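Report on the following structure.
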Amino acid sequence: MTLILAGTIRIAPERLADLRPHLRAQVEGTRAEPGCLDYALTEDPLDPGLIRVYEHFESEAALEFHRATPHMAAWRAACAELGVHGRDLQSFDVSAYRKI
């Protein structure tokens with residue numbers, strides 16, 4: 001079984017430029033983790049300040065590892081400093097999936 005987390009976070013549009021280096025660092029760090037199958041933080045082109053979150057981990061243990069990494073701590077600090085808000089995430093346990 002794998003885990004998918006999907007949802008959104010928000011930031012004031014005028015703070016997006018300040019957030020972008022942190023987005024990149026978080027994505028690069030997470031994609032390099034063992035057990036990370038995919039990870040994306042993307043700006044919504046139609047809703048400035050809306051960041052779409054997509055996380056795919058091979059197990060709960062991989063997700064727990066992710067949550068304890070230094071880059072995750074840095075990400076949390078940057079989000080607090082820059083006023084990221086409106087966190088709306090859902091977790092999905094996936095027993096089977098296929099490419100279409």
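All residue names refer to the structure tokens as shown: chains lettered A, B, ... in order, residues numbered from 1 in each chain, ligands numbered from 1 in order.
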- Task: Mind the document's chain letters and residue numbers, and return as a PyMOL selection string the residues of chain A that DSSP labels helix (DSSP H, G or I).
- Result: chain A and resi 13-31+60-67+70-82
- Would you list the contacts of Gly83 of chain A as a PyMOL selection string, taking every protein, DNA or RNA residue within 8 Å and counting only C-alpha atoms, but skipping same-chain residues closer than 4 positions in sequence? chain A and resi 11-12+79
Let's have the selection written as a compact mmCIF listing (two decimals), in the first residue's frame, with N, CA and C atoms.
```txt
# COMPACT_ATOMS: atom_id res chain seq x y z
N ILE A 11 -0.79 31.45 0.19
CA ILE A 11 0.11 32.52 0.60
C ILE A 11 -0.37 33.79 -0.10
N ALA A 12 -0.15 34.93 0.52
CA ALA A 12 -0.50 36.19 -0.14
C ALA A 12 0.27 36.28 -1.45
N CYS A 79 7.35 28.63 5.99
CA CYS A 79 5.90 28.83 5.85
C CYS A 79 5.37 29.74 6.95
```
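Going from atom CA of Phe92 of chain A to atom CA of Val27 of chain A covers 20.0 Å.
Rounded to one decimal, atom CA of His66 of chain A and atom CA of Ser91 of chain A lie 14.6 Å from each other.
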- Leaving out segment 43-54 of chain A and any residue of its chain fewer than 6 positions from it, which residues lie within 9 Å of it when counting only C-alpha atoms, given as number ranges by chain? A: 4-16, 89
For the residues selected in the previous step, produce a file with all heavy atoms as an mmCIF file, in the first residue's frame.
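Dumped everything to selection.cif:
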```cif
data_model
loop_
_atom_site.group_PDB
_atom_site.id
_atom_site.type_symbol
_atom_site.label_atom_id
_atom_site.label_comp_id
_atom_site.auth_asym_id
_atom_site.auth_seq_id
_atom_site.Cartn_x
_atom_site.Cartn_y
_atom_site.Cartn_z
ATOM 1 N N ILE A 4 -0.939 8.656 -0.601
ATOM 2 C CA ILE A 4 -0.971 9.885 -1.374
ATOM 3 C C ILE A 4 -1.580 10.960 -0.490
ATOM 4 O O ILE A 4 -2.621 10.743 0.138
ATOM 5 C CB ILE A 4 -1.783 9.721 -2.674
ATOM 6 C CG1 ILE A 4 -1.061 8.774 -3.622
ATOM 7 C CG2 ILE A 4 -2.037 11.078 -3.335
ATOM 8 C CD1 ILE A 4 -1.813 8.461 -4.901
ATOM 9 N N LEU A 5 -0.915 12.096 -0.429
ATOM 10 C CA LEU A 5 -1.455 13.266 0.244
ATOM 11 C C LEU A 5 -1.668 14.318 -0.838
ATOM 12 O O LEU A 5 -0.784 14.535 -1.681
ATOM 13 C CB LEU A 5 -0.495 13.802 1.300
ATOM 14 C CG LEU A 5 -0.374 12.958 2.568
ATOM 15 C CD1 LEU A 5 0.495 11.748 2.325
ATOM 16 C CD2 LEU A 5 0.142 13.782 3.700
ATOM 17 N N ALA A 6 -2.820 14.927 -0.830
ATOM 18 C CA ALA A 6 -3.132 15.933 -1.846
ATOM 19 C C ALA A 6 -3.929 17.051 -1.211
ATOM 20 O O ALA A 6 -4.727 16.819 -0.302
ATOM 21 C CB ALA A 6 -3.923 15.308 -2.991
ATOM 22 N N GLY A 7 -3.706 18.251 -1.698
ATOM 23 C CA GLY A 7 -4.461 19.381 -1.180
ATOM 24 C C GLY A 7 -3.841 20.692 -1.596
ATOM 25 O O GLY A 7 -3.179 20.778 -2.645
ATOM 26 N N THR A 8 -4.026 21.698 -0.749
ATOM 27 C CA THR A 8 -3.577 23.046 -1.073
ATOM 28 C C THR A 8 -3.078 23.770 0.173
ATOM 29 O O THR A 8 -3.437 23.422 1.296
ATOM 30 C CB THR A 8 -4.724 23.876 -1.691
ATOM 31 O OG1 THR A 8 -5.815 23.927 -0.768
ATOM 32 C CG2 THR A 8 -5.189 23.303 -3.014
ATOM 33 N N ILE A 9 -2.270 24.781 -0.076
ATOM 34 C CA ILE A 9 -1.909 25.783 0.918
ATOM 35 C C ILE A 9 -2.039 27.131 0.230
ATOM 36 O O ILE A 9 -2.108 27.202 -1.006
ATOM 37 C CB ILE A 9 -0.480 25.573 1.470
ATOM 38 C CG1 ILE A 9 0.559 25.574 0.339
ATOM 39 C CG2 ILE A 9 -0.407 24.293 2.294
ATOM 40 C CD1 ILE A 9 2.012 25.485 0.822
ATOM 41 N N ARG A 10 -2.057 28.183 1.020
ATOM 42 C CA ARG A 10 -2.196 29.528 0.448
ATOM 43 C C ARG A 10 -1.141 30.468 1.017
ATOM 44 O O ARG A 10 -0.705 30.308 2.154
ATOM 45 C CB ARG A 10 -3.570 30.114 0.738
ATOM 46 C CG ARG A 10 -4.679 29.443 -0.027
ATOM 47 C CD ARG A 10 -5.953 30.300 0.008
ATOM 48 N NE ARG A 10 -6.894 29.791 -0.957
ATOM 49 C CZ ARG A 10 -6.930 30.134 -2.246
ATOM 50 N NH1 ARG A 10 -6.087 31.017 -2.712
ATOM 51 N NH2 ARG A 10 -7.818 29.608 -3.054
ATOM 52 N N ILE A 11 -0.788 31.449 0.190
ATOM 53 C CA ILE A 11 0.107 32.521 0.600
ATOM 54 C C ILE A 11 -0.372 33.789 -0.102
ATOM 55 O O ILE A 11 -0.958 33.724 -1.199
ATOM 56 C CB ILE A 11 1.580 32.202 0.238
ATOM 57 C CG1 ILE A 11 2.515 33.244 0.853
ATOM 58 C CG2 ILE A 11 1.763 32.060 -1.257
ATOM 59 C CD1 ILE A 11 3.980 32.850 0.816
ATOM 60 N N ALA A 12 -0.151 34.931 0.522
ATOM 61 C CA ALA A 12 -0.499 36.194 -0.140
ATOM 62 C C ALA A 12 0.270 36.278 -1.454
ATOM 63 O O ALA A 12 1.481 35.999 -1.482
ATOM 64 C CB ALA A 12 -0.153 37.372 0.760
ATOM 65 N N PRO A 13 -0.393 36.607 -2.547
ATOM 66 C CA PRO A 13 0.281 36.638 -3.853
ATOM 67 C C PRO A 13 1.558 37.470 -3.872
ATOM 68 O O PRO A 13 2.523 37.110 -4.556
ATOM 69 C CB PRO A 13 -0.783 37.215 -4.796
ATOM 70 C CG PRO A 13 -2.076 36.827 -4.158
ATOM 71 C CD PRO A 13 -1.824 36.907 -2.672
ATOM 72 N N GLU A 14 1.601 38.543 -3.108
ATOM 73 C CA GLU A 14 2.798 39.384 -3.091
ATOM 74 C C GLU A 14 3.981 38.719 -2.371
ATOM 75 O O GLU A 14 5.102 39.202 -2.445
ATOM 76 C CB GLU A 14 2.507 40.762 -2.483
ATOM 77 C CG GLU A 14 2.031 40.740 -1.059
ATOM 78 C CD GLU A 14 0.519 40.593 -0.890
ATOM 79 O OE1 GLU A 14 -0.204 40.274 -1.861
ATOM 80 O OE2 GLU A 14 0.070 40.802 0.251
ATOM 81 N N ARG A 15 3.753 37.585 -1.709
ATOM 82 C CA ARG A 15 4.824 36.847 -1.022
ATOM 83 C C ARG A 15 5.311 35.638 -1.834
ATOM 84 O O ARG A 15 6.228 34.941 -1.408
ATOM 85 C CB ARG A 15 4.349 36.349 0.349
ATOM 86 C CG ARG A 15 3.896 37.389 1.342
ATOM 87 C CD ARG A 15 4.928 38.452 1.729
ATOM 88 N NE ARG A 15 6.224 38.015 2.156
ATOM 89 C CZ ARG A 15 6.644 37.905 3.412
ATOM 90 N NH1 ARG A 15 5.826 38.167 4.398
ATOM 91 N NH2 ARG A 15 7.883 37.551 3.684
ATOM 92 N N LEU A 16 4.700 35.383 -2.993
ATOM 93 C CA LEU A 16 5.083 34.225 -3.805
ATOM 94 C C LEU A 16 6.567 34.212 -4.171
ATOM 95 O O LEU A 16 7.216 33.175 -4.093
ATOM 96 C CB LEU A 16 4.249 34.165 -5.084
ATOM 97 C CG LEU A 16 2.926 33.424 -4.986
ATOM 98 C CD1 LEU A 16 2.101 33.647 -6.246
ATOM 99 C CD2 LEU A 16 3.135 31.956 -4.735
ATOM 100 N N LEU A 89 -5.215 19.534 3.442
ATOM 101 C CA LEU A 89 -4.622 18.319 2.892
ATOM 102 C C LEU A 89 -5.460 17.105 3.262
ATOM 103 O O LEU A 89 -6.033 17.052 4.346
ATOM 104 C CB LEU A 89 -3.202 18.108 3.432
ATOM 105 C CG LEU A 89 -2.140 19.101 2.997
ATOM 106 C CD1 LEU A 89 -0.828 18.821 3.714
ATOM 107 C CD2 LEU A 89 -1.931 19.040 1.499
#
```
- Message: Between atom CA of Ala73 of chain A and atom CA of Thr42 of chain A, what distance in Å does the model show, to one decimal?
- Response: 19.5 Å
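Using only C-alpha atoms, the shortest contact distance between Tyr97 of chain A and any of A:His56, A:Ala62, A:Cys36, A:Leu82 is found at A:His56.
When the distance limit is 9 Å and only C-alpha atoms are what count, the residues near Ala74 of chain A, minus those fewer than 4 positions from it on the same chain, are His22, Gln26, Thr69, Pro70, Ala78 and Cys79 of chain A.
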Per-residue DSSP, chain A, filtered to strand (DSSP E), as a PDB file with N, CA and C atoms, in the first residue's frame:
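part-v4.pdb was written with the following content:
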```pdb
ATOM      1  N   THR A   2       0.511   2.233  -0.775  1.00  0.00           N
ATOM      2  CA  THR A   2       1.212   3.511  -0.790  1.00  0.00           C
ATOM      3  C   THR A   2       0.281   4.577  -0.219  1.00  0.00           C
ATOM      4  N   LEU A   3       0.862   5.727   0.070  1.00  0.00           N
ATOM      5  CA  LEU A   3       0.103   6.852   0.599  1.00  0.00           C
ATOM      6  C   LEU A   3       0.195   8.022  -0.357  1.00  0.00           C
ATOM      7  N   ILE A   4      -0.939   8.656  -0.601  1.00  0.00           N
ATOM      8  CA  ILE A   4      -0.971   9.885  -1.374  1.00  0.00           C
ATOM      9  C   ILE A   4      -1.580  10.960  -0.490  1.00  0.00           C
ATOM     10  N   LEU A   5      -0.915  12.096  -0.429  1.00  0.00           N
ATOM     11  CA  LEU A   5      -1.455  13.266   0.244  1.00  0.00           C
ATOM     12  C   LEU A   5      -1.668  14.318  -0.838  1.00  0.00           C
ATOM     13  N   ALA A   6      -2.820  14.927  -0.830  1.00  0.00           N
ATOM     14  CA  ALA A   6      -3.132  15.933  -1.846  1.00  0.00           C
ATOM     15  C   ALA A   6      -3.929  17.051  -1.211  1.00  0.00           C
ATOM     16  N   GLY A   7      -3.706  18.251  -1.698  1.00  0.00           N
ATOM     17  CA  GLY A   7      -4.461  19.381  -1.180  1.00  0.00           C
ATOM     18  C   GLY A   7      -3.841  20.692  -1.596  1.00  0.00           C
ATOM     19  N   THR A   8      -4.026  21.698  -0.749  1.00  0.00           N
ATOM     20  CA  THR A   8      -3.577  23.046  -1.073  1.00  0.00           C
ATOM     21  C   THR A   8      -3.078  23.770   0.173  1.00  0.00           C
ATOM     22  N   ILE A   9      -2.270  24.781  -0.076  1.00  0.00           N
ATOM     23  CA  ILE A   9      -1.909  25.783   0.918  1.00  0.00           C
ATOM     24  C   ILE A   9      -2.039  27.131   0.230  1.00  0.00           C
ATOM     25  N   ARG A  10      -2.057  28.183   1.020  1.00  0.00           N
ATOM     26  CA  ARG A  10      -2.196  29.528   0.448  1.00  0.00           C
ATOM     27  C   ARG A  10      -1.141  30.468   1.017  1.00  0.00           C
ATOM     28  N   CYS A  36      10.124   8.128  -1.252  1.00  0.00           N
ATOM     29  CA  CYS A  36       9.313   9.153  -1.925  1.00  0.00           C
ATOM     30  C   CYS A  36       9.145   8.739  -3.383  1.00  0.00           C
ATOM     31  N   LEU A  37       7.903   8.545  -3.786  1.00  0.00           N
ATOM     32  CA  LEU A  37       7.612   8.164  -5.169  1.00  0.00           C
ATOM     33  C   LEU A  37       7.354   9.384  -6.048  1.00  0.00           C
ATOM     34  N   ASP A  38       6.822  10.446  -5.465  1.00  0.00           N
ATOM     35  CA  ASP A  38       6.596  11.698  -6.187  1.00  0.00           C
ATOM     36  C   ASP A  38       6.265  12.778  -5.175  1.00  0.00           C
ATOM     37  N   TYR A  39       6.594  14.017  -5.516  1.00  0.00           N
ATOM     38  CA  TYR A  39       6.336  15.140  -4.621  1.00  0.00           C
ATOM     39  C   TYR A  39       6.284  16.398  -5.461  1.00  0.00           C
ATOM     40  N   ALA A  40       5.244  17.199  -5.286  1.00  0.00           N
ATOM     41  CA  ALA A  40       5.124  18.436  -6.054  1.00  0.00           C
ATOM     42  C   ALA A  40       4.432  19.516  -5.228  1.00  0.00           C
ATOM     43  N   LEU A  41       4.958  20.713  -5.329  1.00  0.00           N
ATOM     44  CA  LEU A  41       4.335  21.917  -4.794  1.00  0.00           C
ATOM     45  C   LEU A  41       4.265  22.880  -5.973  1.00  0.00           C
ATOM     46  N   THR A  42       3.077  23.126  -6.495  1.00  0.00           N
ATOM     47  CA  THR A  42       2.958  23.905  -7.719  1.00  0.00           C
ATOM     48  C   THR A  42       1.996  25.070  -7.553  1.00  0.00           C
ATOM     49  N   GLU A  43       2.356  26.175  -8.162  1.00  0.00           N
ATOM     50  CA  GLU A  43       1.492  27.360  -8.141  1.00  0.00           C
ATOM     51  C   GLU A  43       0.327  27.149  -9.100  1.00  0.00           C
ATOM     52  N   LEU A  50      -2.325  30.338  -4.517  1.00  0.00           N
ATOM     53  CA  LEU A  50      -2.755  28.975  -4.225  1.00  0.00           C
ATOM     54  C   LEU A  50      -1.651  28.014  -4.673  1.00  0.00           C
ATOM     55  N   ILE A  51      -1.171  27.185  -3.749  1.00  0.00           N
ATOM     56  CA  ILE A  51      -0.144  26.196  -4.041  1.00  0.00           C
ATOM     57  C   ILE A  51      -0.784  24.822  -3.915  1.00  0.00           C
ATOM     58  N   ARG A  52      -0.686  24.047  -4.970  1.00  0.00           N
ATOM     59  CA  ARG A  52      -1.222  22.684  -4.949  1.00  0.00           C
ATOM     60  C   ARG A  52      -0.146  21.733  -4.436  1.00  0.00           C
ATOM     61  N   VAL A  53      -0.543  20.854  -3.543  1.00  0.00           N
ATOM     62  CA  VAL A  53       0.363  19.917  -2.894  1.00  0.00           C
ATOM     63  C   VAL A  53       0.028  18.504  -3.364  1.00  0.00           C
ATOM     64  N   TYR A  54       1.064  17.761  -3.769  1.00  0.00           N
ATOM     65  CA  TYR A  54       0.889  16.350  -4.135  1.00  0.00           C
ATOM     66  C   TYR A  54       2.078  15.583  -3.581  1.00  0.00           C
ATOM     67  N   GLU A  55       1.809  14.575  -2.757  1.00  0.00           N
ATOM     68  CA  GLU A  55       2.845  13.760  -2.144  1.00  0.00           C
ATOM     69  C   GLU A  55       2.484  12.290  -2.340  1.00  0.00           C
ATOM     70  N   HIS A  56       3.471  11.478  -2.705  1.00  0.00           N
ATOM     71  CA  HIS A  56       3.240  10.045  -2.889  1.00  0.00           C
ATOM     72  C   HIS A  56       4.412   9.305  -2.250  1.00  0.00           C
ATOM     73  N   PHE A  57       4.116   8.551  -1.207  1.00  0.00           N
ATOM     74  CA  PHE A  57       5.131   7.817  -0.465  1.00  0.00           C
ATOM     75  C   PHE A  57       4.817   6.333  -0.498  1.00  0.00           C
ATOM     76  N   HIS A  85      -0.855  29.899   4.841  1.00  0.00           N
ATOM     77  CA  HIS A  85      -2.052  29.577   5.620  1.00  0.00           C
ATOM     78  C   HIS A  85      -2.996  28.726   4.766  1.00  0.00           C
ATOM     79  N   GLY A  86      -4.163  28.444   5.311  1.00  0.00           N
ATOM     80  CA  GLY A  86      -5.191  27.748   4.547  1.00  0.00           C
ATOM     81  C   GLY A  86      -4.806  26.327   4.173  1.00  0.00           C
ATOM     82  N   ARG A  87      -4.011  25.672   5.017  1.00  0.00           N
ATOM     83  CA  ARG A  87      -3.584  24.298   4.726  1.00  0.00           C
ATOM     84  C   ARG A  87      -4.810  23.395   4.680  1.00  0.00           C
ATOM     85  N   ASP A  88      -4.986  22.711   3.557  1.00  0.00           N
ATOM     86  CA  ASP A  88      -6.111  21.791   3.361  1.00  0.00           C
ATOM     87  C   ASP A  88      -5.578  20.554   2.653  1.00  0.00           C
ATOM     88  N   LEU A  89      -5.215  19.534   3.442  1.00  0.00           N
ATOM     89  CA  LEU A  89      -4.622  18.319   2.892  1.00  0.00           C
ATOM     90  C   LEU A  89      -5.460  17.105   3.262  1.00  0.00           C
ATOM     91  N   GLN A  90      -5.489  16.154   2.358  1.00  0.00           N
ATOM     92  CA  GLN A  90      -6.145  14.875   2.596  1.00  0.00           C
ATOM     93  C   GLN A  90      -5.127  13.769   2.352  1.00  0.00           C
ATOM     94  N   SER A  91      -5.278  12.656   3.085  1.00  0.00           N
ATOM     95  CA  SER A  91      -4.409  11.503   2.931  1.00  0.00           C
ATOM     96  C   SER A  91      -5.232  10.343   2.386  1.00  0.00           C
ATOM     97  N   PHE A  92      -4.652   9.614   1.435  1.00  0.00           N
ATOM     98  CA  PHE A  92      -5.320   8.486   0.810  1.00  0.00           C
ATOM     99  C   PHE A  92      -4.426   7.253   0.911  1.00  0.00           C
ATOM    100  N   ASP A  93      -4.936   6.174   1.463  1.00  0.00           N
ATOM    101  CA  ASP A  93      -4.241   4.888   1.456  1.00  0.00           C
ATOM    102  C   ASP A  93      -4.597   4.209   0.136  1.00  0.00           C
ATOM    103  N   VAL A  94      -3.591   3.862  -0.636  1.00  0.00           N
ATOM    104  CA  VAL A  94      -3.821   3.316  -1.969  1.00  0.00           C
ATOM    105  C   VAL A  94      -3.320   1.877  -2.006  1.00  0.00           C
TER     106      VAL A  94
END
```
